[in-house]
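For reference, the structure discussed in these notes is given below.
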Amino acid sequence: MDITASDLSIADVLKTVPEIPEVAIVYGYADTDEKSVNAFCVAGVKGIIFAGTDNGSVAKSCLASLDNTIKSGIVVVRSSRIPSGIVSKDKKYEDEHGFYSGKIIKSTESKDFASTCIDKIFTKKY
């Protein structure tokens, strides 16, 4: 059974897990480059929260690096660095690139949410 982020409810994923995978937050801004994304990948994180502007927008200058991150098996969640609002599903990011949408969860909360999702997805505990 294949599982996607939209298949999981918060109740499903926020159950106790024995070990939470390491997830990093990359804060986006105009012309964000790939250095921080690459550094976290080398450090061995299992997930990256990209806290972008507005609706979790990703700078074009960082998109190729995040694509490579996803291809290497690291989960990438789009979130927003603003304190309120929603990060809605965007066909460009989710369908074409493989990102997950953080929806109503702030970037700092997305970090814990993504850690738990990664544990559930990779260990098939759903």
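Labels used: A, B, ... for chains in the order of the structure tokens, numbers from 1 for residues in each chain, and numbers from 1 for ligands as shown.
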
Assign secondary structure with DSSP using the backbone only, and return the residues of segment 20-77 of chain A in strand (DSSP E or B) as a PyMOL selection string. chain A and resi 23-27+47-53+57+75-77

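Among A:Gly56, A:Val37, A:Ile86, A:Lys91, the residue with the shortest atom-to-atom distance to Ile70 of chain A, counting only C-alpha atoms, is A:Val37.
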
What's the 10 Å shell around Ala30 of chain A, counting only C-alpha atoms, without same-chain residues fewer than 6 positions away, as a PyMOL selection string? chain A and resi 52-53+57-62

Write the residues you've just listed into a file as an mmCIF file, in the first residue's frame, and include all heavy atoms for each of them.
```
data_model
loop_
_atom_site.group_PDB
_atom_site.id
_atom_site.type_symbol
_atom_site.label_atom_id
_atom_site.label_comp_id
_atom_site.auth_asym_id
_atom_site.auth_seq_id
_atom_site.Cartn_x
_atom_site.Cartn_y
_atom_site.Cartn_z
ATOM 1 N N GLY A 52 9.227 28.670 3.380
ATOM 2 C CA GLY A 52 9.277 29.696 2.351
ATOM 3 C C GLY A 52 8.420 30.897 2.676
ATOM 4 O O GLY A 52 7.852 31.022 3.757
ATOM 5 N N THR A 53 8.333 31.779 1.730
ATOM 6 C CA THR A 53 7.509 32.974 1.877
ATOM 7 C C THR A 53 6.081 32.652 1.461
ATOM 8 O O THR A 53 5.826 31.672 0.765
ATOM 9 C CB THR A 53 8.067 34.111 1.005
ATOM 10 O OG1 THR A 53 8.106 33.664 -0.353
ATOM 11 C CG2 THR A 53 9.457 34.508 1.454
ATOM 12 N N SER A 57 6.435 29.313 -0.876
ATOM 13 C CA SER A 57 7.121 29.430 -2.164
ATOM 14 C C SER A 57 8.588 29.044 -2.038
ATOM 15 O O SER A 57 9.240 29.335 -1.047
ATOM 16 C CB SER A 57 7.029 30.864 -2.683
ATOM 17 O OG SER A 57 5.679 31.217 -2.865
ATOM 18 N N VAL A 58 9.105 28.384 -3.076
ATOM 19 C CA VAL A 58 10.499 27.954 -3.110
ATOM 20 C C VAL A 58 11.214 28.764 -4.190
ATOM 21 O O VAL A 58 10.757 28.829 -5.328
ATOM 22 C CB VAL A 58 10.604 26.446 -3.434
ATOM 23 C CG1 VAL A 58 12.053 26.019 -3.540
ATOM 24 C CG2 VAL A 58 9.860 25.624 -2.391
ATOM 25 N N ALA A 59 12.334 29.371 -3.815
ATOM 26 C CA ALA A 59 13.114 30.155 -4.772
ATOM 27 C C ALA A 59 13.630 29.239 -5.886
ATOM 28 O O ALA A 59 14.065 28.120 -5.626
ATOM 29 C CB ALA A 59 14.285 30.827 -4.062
ATOM 30 N N LYS A 60 13.576 29.726 -7.117
ATOM 31 C CA LYS A 60 14.056 28.935 -8.254
ATOM 32 C C LYS A 60 15.511 28.521 -8.064
ATOM 33 O O LYS A 60 15.918 27.448 -8.490
ATOM 34 C CB LYS A 60 13.912 29.736 -9.551
ATOM 35 C CG LYS A 60 12.485 29.902 -9.995
ATOM 36 C CD LYS A 60 12.407 30.715 -11.277
ATOM 37 C CE LYS A 60 10.960 30.982 -11.633
ATOM 38 N NZ LYS A 60 10.840 31.838 -12.813
ATOM 39 N N SER A 61 16.291 29.376 -7.411
ATOM 40 C CA SER A 61 17.713 29.094 -7.214
ATOM 41 C C SER A 61 17.964 27.928 -6.263
ATOM 42 O O SER A 61 19.059 27.398 -6.198
ATOM 43 C CB SER A 61 18.423 30.348 -6.687
ATOM 44 O OG SER A 61 17.770 30.825 -5.522
ATOM 45 N N CYS A 62 16.929 27.498 -5.543
ATOM 46 C CA CYS A 62 17.064 26.399 -4.574
ATOM 47 C C CYS A 62 16.324 25.139 -5.032
ATOM 48 O O CYS A 62 16.506 24.069 -4.463
ATOM 49 C CB CYS A 62 16.517 26.883 -3.240
ATOM 50 S SG CYS A 62 16.935 25.879 -1.839
#
```

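Compared by their closest atoms to Glu94 of chain A, and using only C-alpha atoms, the residues A:Ala39, A:Val76, A:Val23, A:Ile82 rank with A:Val76 nearest.
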
As a check of understanding: the span from atom CA of Gly85 of chain A to atom CA of Gly28 of chain A is 16.4 Å
